[in-house]
file work36.cif (mmCIF, C-alpha atoms)
data_final
loop_
_atom_site.label_atom_id
_atom_site.label_comp_id
_atom_site.auth_asym_id
_atom_site.auth_seq_id
_atom_site.Cartn_x
_atom_site.Cartn_y
_atom_site.Cartn_z
CA MET J 145 -19.97 -8.23 -0.68
CA PRO J 146 -17.05 -9.31 -2.94
CA LEU J 147 -16.32 -12.99 -3.51
CA CYS J 148 -12.88 -14.63 -3.53
CA LEU J 149 -12.03 -14.12 -7.17
CA ALA J 150 -8.50 -13.72 -8.50
CA ASN J 151 -7.17 -12.82 -11.94
CA PRO J 152 -4.74 -15.61 -12.88
CA THR J 153 -2.64 -13.12 -14.90
CA ASP J 154 -1.87 -11.03 -11.82
CA LYS J 155 1.67 -11.75 -10.64
CA TYR J 156 4.66 -10.42 -8.76
CA VAL J 157 7.77 -9.68 -10.80
CA ASP J 158 11.23 -8.18 -10.43
CA ARG J 159 12.39 -4.85 -11.76
CA SER J 160 13.86 -6.35 -14.93
CA ALA J 161 10.41 -7.62 -15.90
CA LEU J 162 8.97 -4.11 -15.51
CA ALA J 163 11.50 -2.83 -18.03
CA LEU J 164 10.15 -5.27 -20.61
CA VAL J 165 6.53 -4.12 -20.35
CA PRO J 166 5.60 -2.22 -23.54
CA THR J 167 4.23 1.30 -23.11
CA PRO J 168 1.21 2.29 -25.23
CA ASN J 169 1.57 5.01 -27.83
CA PRO J 170 0.74 8.51 -26.55
CA THR J 171 -2.06 10.72 -27.77
CA SER J 172 -2.25 14.49 -28.09
CA THR J 173 -3.51 14.79 -24.48
CA TRP J 174 -2.21 11.65 -22.76
CA ARG J 175 1.32 10.33 -22.42
CA PRO J 176 1.58 7.02 -20.58
CA VAL J 177 4.60 6.69 -18.32
CA PRO J 178 6.61 3.46 -18.50
CA HIS J 179 6.32 1.44 -15.30
CA ILE J 180 10.07 1.22 -14.95
CA ASP J 181 10.41 5.02 -15.25
CA VAL J 182 8.19 5.52 -12.20
CA VAL J 183 10.29 3.07 -10.18
CA ASP J 184 13.55 4.64 -11.36
CA ALA J 185 12.28 8.13 -10.46
CA VAL J 186 11.43 6.98 -6.93
CA GLU J 187 14.80 5.25 -6.55
CA ASN J 188 16.57 8.42 -7.70
CA ALA J 189 14.63 10.54 -5.19
CA ILE J 190 15.50 8.08 -2.39
CA ALA J 191 19.21 8.27 -3.23
CA ASN J 192 19.08 12.07 -3.40
CA ARG J 193 17.96 12.10 0.24
CA GLY J 194 20.78 9.89 1.46
CA MET J 195 18.53 6.86 2.01
CA THR J 196 19.04 3.31 0.80
CA ILE J 197 16.67 0.58 -0.34
CA GLU J 198 16.39 -2.52 1.84
CA SER J 199 14.03 -4.52 -0.40
CA GLU J 200 11.48 -4.10 -3.18
CA ARG J 201 8.51 -5.96 -4.62
CA PHE J 202 6.51 -5.24 -7.75
CA GLY J 203 3.30 -6.62 -9.18
CA LEU J 204 1.59 -6.50 -12.57
CA ALA J 205 -2.12 -6.85 -13.22
CA ARG J 206 -4.64 -6.65 -16.05
CA ASP J 207 -2.29 -7.81 -18.83
CA GLN J 208 0.55 -5.67 -17.45
CA GLN J 209 -1.52 -2.50 -17.74
CA LYS J 210 -1.33 -1.86 -13.99
CA MET J 211 1.79 -1.86 -11.83
CA PHE J 212 1.97 -1.91 -8.03
CA GLY J 213 5.15 -1.76 -6.00
CA VAL J 214 6.56 -1.50 -2.50
CA ILE J 215 10.07 -0.23 -1.77
CA THR J 216 11.24 -0.78 1.81
CA LEU J 217 13.88 1.60 3.10
CA ALA J 218 16.83 0.66 5.25
CA LYS J 219 16.13 0.44 8.99
CA GLN J 220 15.07 3.65 10.71
CA ASN J 221 14.88 4.30 14.46
CA ASN J 222 11.47 2.80 15.27
CA PRO J 223 11.70 -0.66 16.92
CA GLU J 224 8.40 -1.85 15.42
CA TRP J 225 8.56 -0.89 11.75
CA THR J 226 10.65 0.50 8.96
CA ARG J 227 9.44 3.02 6.41
CA CYS J 228 8.43 2.01 2.93
CA ILE J 229 6.96 3.63 -0.17
CA GLY J 230 3.97 2.38 -2.14
CA ILE J 231 3.96 2.91 -5.90
CA ARG J 232 1.19 2.72 -8.51
CA ASN J 233 1.07 3.29 -12.25
CA SER J 234 -1.27 2.39 -15.09
CA HIS J 235 -1.15 2.22 -18.88
CA ASP J 236 -4.93 2.11 -19.30
CA GLN J 237 -5.82 5.49 -17.72
CA SER J 238 -7.53 3.73 -14.79
CA PHE J 239 -5.48 5.76 -12.28
CA ALA J 240 -2.59 8.21 -12.28
CA ALA J 241 0.97 7.43 -11.30
CA GLY J 242 1.27 7.86 -7.56
CA ILE J 243 3.32 7.16 -4.46
CA CYS J 244 2.40 7.03 -0.78
CA CYS J 245 4.08 6.62 2.58
CA GLY J 246 3.91 3.32 4.41
CA VAL J 247 5.61 1.09 6.93
CA SER J 248 6.62 -2.54 7.06
CA VAL J 249 6.09 -4.12 10.50
CA LEU J 250 9.38 -5.74 11.45
CA VAL J 251 8.05 -8.81 13.24
CA CYS J 252 5.92 -9.98 10.33
CA SER J 253 6.58 -7.81 7.24
CA ASN J 254 2.96 -6.64 7.30
CA LEU J 255 2.44 -3.46 5.29
CA CYS J 256 0.43 -0.40 6.37
CA PHE J 257 -0.07 2.71 4.27
CA GLY J 258 -1.12 6.31 4.74
CA GLY J 259 -2.95 8.52 2.27
CA GLU J 260 -1.78 8.46 -1.32
CA PHE J 261 0.07 11.34 -2.96
CA VAL J 262 -0.83 11.37 -6.65
CA ILE J 263 2.13 12.48 -8.74
CA LYS J 264 -0.12 13.89 -11.45
CA ARG J 265 -3.88 13.82 -11.85
CA ARG J 266 -3.47 12.68 -15.45
CA HIS J 267 -0.57 11.50 -17.59
CA THR J 268 -0.56 14.68 -19.65
CA SER J 269 1.75 15.35 -22.58
CA GLY J 270 3.84 17.72 -20.48
CA ILE J 271 4.47 15.49 -17.45
CA ASP J 272 7.90 15.90 -15.82
CA LEU J 273 8.03 12.67 -13.84
CA PHE J 274 11.34 13.11 -12.03
CA SER J 275 10.55 16.65 -10.84
CA MET J 276 7.09 15.58 -9.63
CA VAL J 277 8.49 12.62 -7.70
CA GLU J 278 11.07 14.88 -6.04
CA GLU J 279 8.34 17.32 -4.96
CA THR J 280 6.14 14.50 -3.71
CA MET J 281 8.98 12.97 -1.68
CA ASP J 282 9.58 16.35 -0.03
CA ALA J 283 5.90 16.49 0.99
CA MET J 284 6.04 12.92 2.30
CA ALA J 285 8.76 13.76 4.83
CA ASP J 286 6.25 15.56 7.06
CA SER J 287 3.47 13.12 6.23
CA TYR J 288 5.48 10.22 7.64
CA ILE J 289 5.54 11.90 11.04
CA SER J 290 1.76 12.34 11.27
CA PHE J 291 1.14 8.90 9.76
CA GLU J 292 3.35 7.18 12.32
CA GLU J 293 1.66 9.11 15.12
CA ARG J 294 -1.67 7.70 13.97
CA LEU J 295 -0.17 4.21 13.97
CA LEU J 296 1.03 4.67 17.55
CA ASN J 297 -2.45 5.82 18.55
CA LEU J 298 -3.84 2.49 17.36
CA HIS J 299 -1.84 0.80 20.15
CA ASP J 300 -3.80 2.73 22.77
CA MET J 301 -7.24 2.03 21.29
CA ALA J 302 -8.53 -1.06 23.12
CA VAL J 303 -11.20 -3.16 21.42
CA ASP J 304 -13.30 -6.14 22.45
CA ASP J 305 -14.24 -9.19 20.41
CA ASP J 306 -17.72 -7.93 19.53
CA PHE J 307 -16.29 -4.72 18.09
CA ALA J 308 -13.75 -6.76 16.10
CA ARG J 309 -16.53 -8.94 14.63
CA ILE J 310 -18.51 -5.91 13.52
CA PHE J 311 -15.45 -4.12 12.16
CA ILE J 312 -14.31 -7.13 10.10
CA VAL J 313 -17.75 -7.63 8.56
CA LYS J 314 -17.97 -3.94 7.71
CA ALA J 315 -14.50 -4.14 6.17
CA ALA J 316 -15.77 -6.90 3.89
CA GLU J 317 -18.85 -4.85 3.01
CA TYR J 318 -16.53 -1.93 2.17
CA GLY J 319 -14.47 -4.19 -0.09
CA ALA J 320 -11.24 -4.23 1.92
CA ILE J 321 -11.30 -8.04 2.05
CA PRO J 322 -13.36 -10.69 0.23
CA SER J 323 -16.24 -12.05 2.28
CA CYS J 324 -14.63 -15.50 2.38
CA ASP J 325 -11.78 -14.06 4.46
CA ILE J 326 -13.97 -12.72 7.29
CA LEU J 327 -13.37 -15.77 9.48
CA ALA J 328 -9.68 -15.92 8.58
CA VAL J 329 -9.15 -12.35 9.77
CA PHE J 330 -11.19 -12.92 12.93
CA HIS J 331 -9.25 -16.07 13.79
CA GLU J 332 -5.96 -14.23 13.19
CA TYR J 333 -7.16 -11.50 15.55
CA LEU J 334 -8.18 -14.03 18.25
CA GLU J 335 -5.08 -16.21 17.92
CA PRO J 336 -2.38 -14.16 16.22
CA ARG J 337 0.63 -16.05 14.96
CA HIS J 338 2.86 -13.34 16.42
CA ASN J 339 2.80 -12.77 20.19
CA GLU J 340 3.30 -9.03 19.70
CA PHE J 341 -0.35 -8.77 18.59
CA ARG J 342 -2.01 -10.68 21.43
CA GLU J 343 -3.16 -7.53 23.19
CA ARG J 344 -6.66 -6.56 22.03
CA SER J 345 -6.20 -3.22 20.27
CA MET J 346 -6.84 -1.55 16.93
CA TRP J 347 -3.16 -2.14 16.16
CA SER J 348 -3.61 -5.89 16.61
CA LEU J 349 -6.84 -5.85 14.62
CA MET J 350 -5.21 -4.06 11.72
CA ASN J 351 -2.36 -6.54 11.68
CA ALA J 352 -4.87 -9.39 11.53
CA PHE J 353 -6.06 -7.91 8.23
CA THR J 354 -2.58 -7.29 6.84
CA GLU J 355 -1.41 -10.77 7.84
CA ILE J 356 -4.17 -12.35 5.75
CA ALA J 357 -3.43 -9.90 2.92
CA HIS J 358 -0.05 -11.57 2.35
CA LYS J 359 -1.76 -14.12 0.09
CA TYR J 360 -3.43 -11.57 -2.20
CA LYS J 361 -2.32 -10.95 -5.75
CA PRO J 362 -1.06 -7.44 -6.65
CA ALA J 363 -4.35 -5.75 -7.60
CA ARG J 364 -6.30 -7.28 -4.69
CA PHE J 365 -3.46 -6.42 -2.31
CA ASP J 366 -3.54 -2.79 -3.47
CA VAL J 367 -7.31 -2.52 -2.97
CA CYS J 368 -7.05 -4.07 0.49
CA ASN J 369 -4.38 -1.65 1.67
CA ARG J 370 -6.08 1.41 0.24
CA LYS J 371 -9.39 0.56 1.88
CA LEU J 372 -7.77 -0.38 5.20
CA THR J 373 -6.09 3.02 5.15
CA ARG J 374 -9.53 4.60 5.05
CA LEU J 375 -11.16 2.24 7.57
CA PHE J 376 -8.43 2.73 10.18
CA ALA J 377 -8.32 6.49 9.48
CA LEU J 378 -4.62 6.33 8.62
CA ASP J 379 -5.18 9.05 6.03
CA GLY J 380 -6.05 11.58 8.74
CA GLN J 381 -9.75 11.63 7.89
CA PRO J 382 -12.53 10.59 10.36
CA ALA J 383 -12.92 6.83 10.80
CA LEU J 384 -15.73 5.11 8.88
CA VAL J 385 -16.48 2.54 11.60
#

call {"tool": "encode", "arguments": {"input": "work36.cif", "output": "structure tokens"}}
result
Amino acid sequence: MPLCLANPTDKYVDRSALALVPTPNPTSTWRPVPHIDVVDAVENAIANRGMTIESERFGLARDQQKMFGVITLAKQNNPEWTRCIGIRNSHDQSFAAGICCGVSVLVCSNLCFGGEFVIKRRHTSGIDLFSMVEETMDAMADSYISFEERLLNLHDMAVDDDFARIFIVKAAEYGAIPSCDILAVFHEYLEPRHNEFRERSMWSLMNAFTEIAHKYKPARFDVCNRKLTRLFALDGQPALV
């Protein structure tokens, strides 16, 4: 079970800081993509679809080799959340550039994500970033609908305190949260700081996790959200718990 360890170099930054991050030299089979280029490609695709950006947040980790970002779109029609886009990129070949659909819960700014759409399996020498982002955004349009349906289903899934205890411990075993946050998540579930989550449901339980995740640094925050996506079956696959 993971301990509460944090890399002191992990930090949140603005877009101008991303532009200053140096990009490693390419090889004959690998061409790293500048972090800022990934963000600019996503922004361009958003504008091409007549949408606007409400807010954005970016994080750097592992000596700026990894970038994580969240772009929140202007208010949609759902009274509980607004859509957002998760972004990842790496300069150390640890993972490919990718984007995924998500939502930001309006009452608390908690973030929830669906399955990731990898832009390219590898940063190959022939990568056409802007075209790939455009294609991925087209695919995400339908994915948002099914993702939000799964979120709504969580409202109807009642849970009791014993189930919540077991689920939270298993989430720690799975690596979604550090073991030292088990009690923090359980207390948030029992006495949520937002009245909207007082009803005992999978929706409230998930928001207990994402409320505690506000304190995590970029890399830990990314791991938490990716693993919660799997645990709550937000990727459309069978639940693990």

call {"tool": "resolve_selection", "arguments": {"input": "work36.cif", "expression": "the PyMOL selection byres ((chain J and resi 368) around 9)", "output": "mmCIF file with C-alpha atoms, keeping the file's coordinate frame"}}
result
data_model
loop_
_atom_site.group_PDB
_atom_site.id
_atom_site.type_symbol
_atom_site.label_atom_id
_atom_site.label_comp_id
_atom_site.auth_asym_id
_atom_site.auth_seq_id
_atom_site.Cartn_x
_atom_site.Cartn_y
_atom_site.Cartn_z
ATOM 1 C CA GLY J 319 -14.470 -4.190 -0.090
ATOM 2 C CA ALA J 320 -11.240 -4.230 1.920
ATOM 3 C CA ILE J 321 -11.300 -8.040 2.050
ATOM 4 C CA PHE J 353 -6.060 -7.910 8.230
ATOM 5 C CA THR J 354 -2.580 -7.290 6.840
ATOM 6 C CA ALA J 357 -3.430 -9.900 2.920
ATOM 7 C CA TYR J 360 -3.430 -11.570 -2.200
ATOM 8 C CA ALA J 363 -4.350 -5.750 -7.600
ATOM 9 C CA ARG J 364 -6.300 -7.280 -4.690
ATOM 10 C CA PHE J 365 -3.460 -6.420 -2.310
ATOM 11 C CA ASP J 366 -3.540 -2.790 -3.470
ATOM 12 C CA VAL J 367 -7.310 -2.520 -2.970
ATOM 13 C CA ASN J 369 -4.380 -1.650 1.670
ATOM 14 C CA ARG J 370 -6.080 1.410 0.240
ATOM 15 C CA LYS J 371 -9.390 0.560 1.880
ATOM 16 C CA LEU J 372 -7.770 -0.380 5.200
ATOM 17 C CA THR J 373 -6.090 3.020 5.150
#

call {"tool": "closest_residue", "arguments": {"input": "work36.cif", "among": "J:Thr171, J:Asn254, J:Asn233, J:Thr216", "to": "Val183 of chain J", "atoms": "all atoms listed in the file"}}
result
J:Asn233

call {"tool": "closest_residue", "arguments": {"input": "work36.cif", "among": "J:Val247, J:Arg201, J:Val385, J:Cys228", "to": "Ile310 of chain J", "atoms": "all atoms listed in the file"}}
result
J:Val385

call {"tool": "residues_around", "arguments": {"input": "work36.cif", "residues": "Ile229 of chain J", "least_positions_apart": "2", "cutoff": "12 Å", "atoms": "only C-alpha atoms", "output": "PyMOL selection string"}}
result
chain J and resi 183+186-187+189-190+197-202+212-218+226-227+231-232+242-248+255-261+277+280-281+284-285+287-288

call {"tool": "write_last_selection", "arguments": {"input": "work36.cif", "atoms": "C-alpha atoms", "output": "JSON list (two decimals), in the coordinates of the input"}}
result
[["chain", "number", "residue", "atom", "x", "y", "z"],
["J", 183, "VAL", "CA", 10.29, 3.07, -10.18],
["J", 186, "VAL", "CA", 11.43, 6.98, -6.93],
["J", 187, "GLU", "CA", 14.80, 5.25, -6.55],
["J", 189, "ALA", "CA", 14.63, 10.54, -5.19],
["J", 190, "ILE", "CA", 15.50, 8.08, -2.39],
["J", 197, "ILE", "CA", 16.67, 0.58, -0.34],
["J", 198, "GLU", "CA", 16.39, -2.52, 1.84],
["J", 199, "SER", "CA", 14.03, -4.52, -0.40],
["J", 200, "GLU", "CA", 11.48, -4.10, -3.18],
["J", 201, "ARG", "CA", 8.51, -5.96, -4.62],
["J", 202, "PHE", "CA", 6.51, -5.24, -7.75],
["J", 212, "PHE", "CA", 1.97, -1.91, -8.03],
["J", 213, "GLY", "CA", 5.15, -1.76, -6.00],
["J", 214, "VAL", "CA", 6.56, -1.50, -2.50],
["J", 215, "ILE", "CA", 10.07, -0.23, -1.77],
["J", 216, "THR", "CA", 11.24, -0.78, 1.81],
["J", 217, "LEU", "CA", 13.88, 1.60, 3.10],
["J", 218, "ALA", "CA", 16.83, 0.66, 5.25],
["J", 226, "THR", "CA", 10.65, 0.50, 8.96],
["J", 227, "ARG", "CA", 9.44, 3.02, 6.41],
["J", 231, "ILE", "CA", 3.96, 2.91, -5.90],
["J", 232, "ARG", "CA", 1.19, 2.72, -8.51],
["J", 242, "GLY", "CA", 1.27, 7.86, -7.56],
["J", 243, "ILE", "CA", 3.32, 7.16, -4.46],
["J", 244, "CYS", "CA", 2.40, 7.03, -0.78],
["J", 245, "CYS", "CA", 4.08, 6.62, 2.58],
["J", 246, "GLY", "CA", 3.91, 3.32, 4.41],
["J", 247, "VAL", "CA", 5.61, 1.09, 6.93],
["J", 248, "SER", "CA", 6.62, -2.54, 7.06],
["J", 255, "LEU", "CA", 2.44, -3.46, 5.29],
["J", 256, "CYS", "CA", 0.43, -0.40, 6.37],
["J", 257, "PHE", "CA", -0.07, 2.71, 4.27],
["J", 258, "GLY", "CA", -1.12, 6.31, 4.74],
["J", 259, "GLY", "CA", -2.95, 8.52, 2.27],
["J", 260, "GLU", "CA", -1.78, 8.46, -1.32],
["J", 261, "PHE", "CA", 0.07, 11.34, -2.96],
["J", 277, "VAL", "CA", 8.49, 12.62, -7.70],
["J", 280, "THR", "CA", 6.14, 14.50, -3.71],
["J", 281, "MET", "CA", 8.98, 12.97, -1.68],
["J", 284, "MET", "CA", 6.04, 12.92, 2.30],
["J", 285, "ALA", "CA", 8.76, 13.76, 4.83],
["J", 287, "SER", "CA", 3.47, 13.12, 6.23],
["J", 288, "TYR", "CA", 5.48, 10.22, 7.64]]

call {"tool": "atom_distance", "arguments": {"input": "work36.cif", "atom1": "atom CA of Glu224 of chain J", "atom2": "atom CA of Val251 of chain J"}}
result
7.3 Å

call {"tool": "residues_around", "arguments": {"input": "work36.cif", "residues": "Ile180 of chain J", "least_positions_apart": "5", "cutoff": "8 Å", "atoms": "only C-alpha atoms", "output": "list of chain:residue names"}}
result
J:Arg159, J:Leu162, J:Ala163

call {"tool": "residues_around", "arguments": {"input": "work36.cif", "residues": "Val329 of chain J", "least_positions_apart": "3", "cutoff": "6 Å", "atoms": "only C-alpha atoms", "output": "count of residues only"}}
result
4

call {"tool": "decode", "arguments": {"input": "work36.cif", "residues": "segment 242-256 of chain J", "atoms": "N, CA and C atoms", "output": "PDB file, in the first residue's frame"}}
result
ATOM      1  N   GLY J 242      -1.717  12.373 -24.630  1.00  0.00           N
ATOM      2  CA  GLY J 242      -3.091  11.895 -24.621  1.00  0.00           C
ATOM      3  C   GLY J 242      -4.044  12.905 -24.042  1.00  0.00           C
ATOM      4  N   ILE J 243      -5.322  12.776 -24.407  1.00  0.00           N
ATOM      5  CA  ILE J 243      -6.366  13.602 -23.831  1.00  0.00           C
ATOM      6  C   ILE J 243      -7.553  12.713 -23.471  1.00  0.00           C
ATOM      7  N   CYS J 244      -8.354  13.151 -22.519  1.00  0.00           N
ATOM      8  CA  CYS J 244      -9.525  12.376 -22.125  1.00  0.00           C
ATOM      9  C   CYS J 244     -10.640  13.312 -21.711  1.00  0.00           C
ATOM     10  N   CYS J 245     -11.869  12.782 -21.736  1.00  0.00           N
ATOM     11  CA  CYS J 245     -13.019  13.583 -21.345  1.00  0.00           C
ATOM     12  C   CYS J 245     -13.169  13.569 -19.825  1.00  0.00           C
ATOM     13  N   GLY J 246     -13.687  14.663 -19.289  1.00  0.00           N
ATOM     14  CA  GLY J 246     -13.902  14.747 -17.855  1.00  0.00           C
ATOM     15  C   GLY J 246     -14.958  15.783 -17.544  1.00  0.00           C
ATOM     16  N   VAL J 247     -15.271  15.911 -16.260  1.00  0.00           N
ATOM     17  CA  VAL J 247     -16.192  16.946 -15.812  1.00  0.00           C
ATOM     18  C   VAL J 247     -15.651  17.579 -14.543  1.00  0.00           C
ATOM     19  N   SER J 248     -16.032  18.808 -14.330  1.00  0.00           N
ATOM     20  CA  SER J 248     -15.729  19.514 -13.093  1.00  0.00           C
ATOM     21  C   SER J 248     -17.054  19.763 -12.370  1.00  0.00           C
ATOM     22  N   VAL J 249     -17.178  19.214 -11.156  1.00  0.00           N
ATOM     23  CA  VAL J 249     -18.418  19.332 -10.391  1.00  0.00           C
ATOM     24  C   VAL J 249     -18.561  20.772  -9.905  1.00  0.00           C
ATOM     25  N   LEU J 250     -19.678  21.403 -10.225  1.00  0.00           N
ATOM     26  CA  LEU J 250     -19.810  22.837 -10.030  1.00  0.00           C
ATOM     27  C   LEU J 250     -19.750  23.254  -8.566  1.00  0.00           C
ATOM     28  N   VAL J 251     -20.311  22.468  -7.678  1.00  0.00           N
ATOM     29  CA  VAL J 251     -20.394  22.879  -6.287  1.00  0.00           C
ATOM     30  C   VAL J 251     -19.045  22.884  -5.589  1.00  0.00           C
ATOM     31  N   CYS J 252     -18.095  22.125  -6.117  1.00  0.00           N
ATOM     32  CA  CYS J 252     -16.835  21.958  -5.389  1.00  0.00           C
ATOM     33  C   CYS J 252     -15.600  21.934  -6.277  1.00  0.00           C
ATOM     34  N   SER J 253     -15.753  22.005  -7.586  1.00  0.00           N
ATOM     35  CA  SER J 253     -14.637  21.927  -8.538  1.00  0.00           C
ATOM     36  C   SER J 253     -13.915  20.588  -8.494  1.00  0.00           C
ATOM     37  N   ASN J 254     -14.579  19.549  -7.979  1.00  0.00           N
ATOM     38  CA  ASN J 254     -13.992  18.213  -8.038  1.00  0.00           C
ATOM     39  C   ASN J 254     -13.952  17.740  -9.485  1.00  0.00           C
ATOM     40  N   LEU J 255     -12.902  17.001  -9.829  1.00  0.00           N
ATOM     41  CA  LEU J 255     -12.727  16.534 -11.198  1.00  0.00           C
ATOM     42  C   LEU J 255     -12.960  15.036 -11.293  1.00  0.00           C
ATOM     43  N   CYS J 256     -13.680  14.613 -12.340  1.00  0.00           N
ATOM     44  CA  CYS J 256     -13.918  13.196 -12.623  1.00  0.00           C
ATOM     45  C   CYS J 256     -13.608  12.961 -14.095  1.00  0.00           C
TER      46      CYS J 256
END
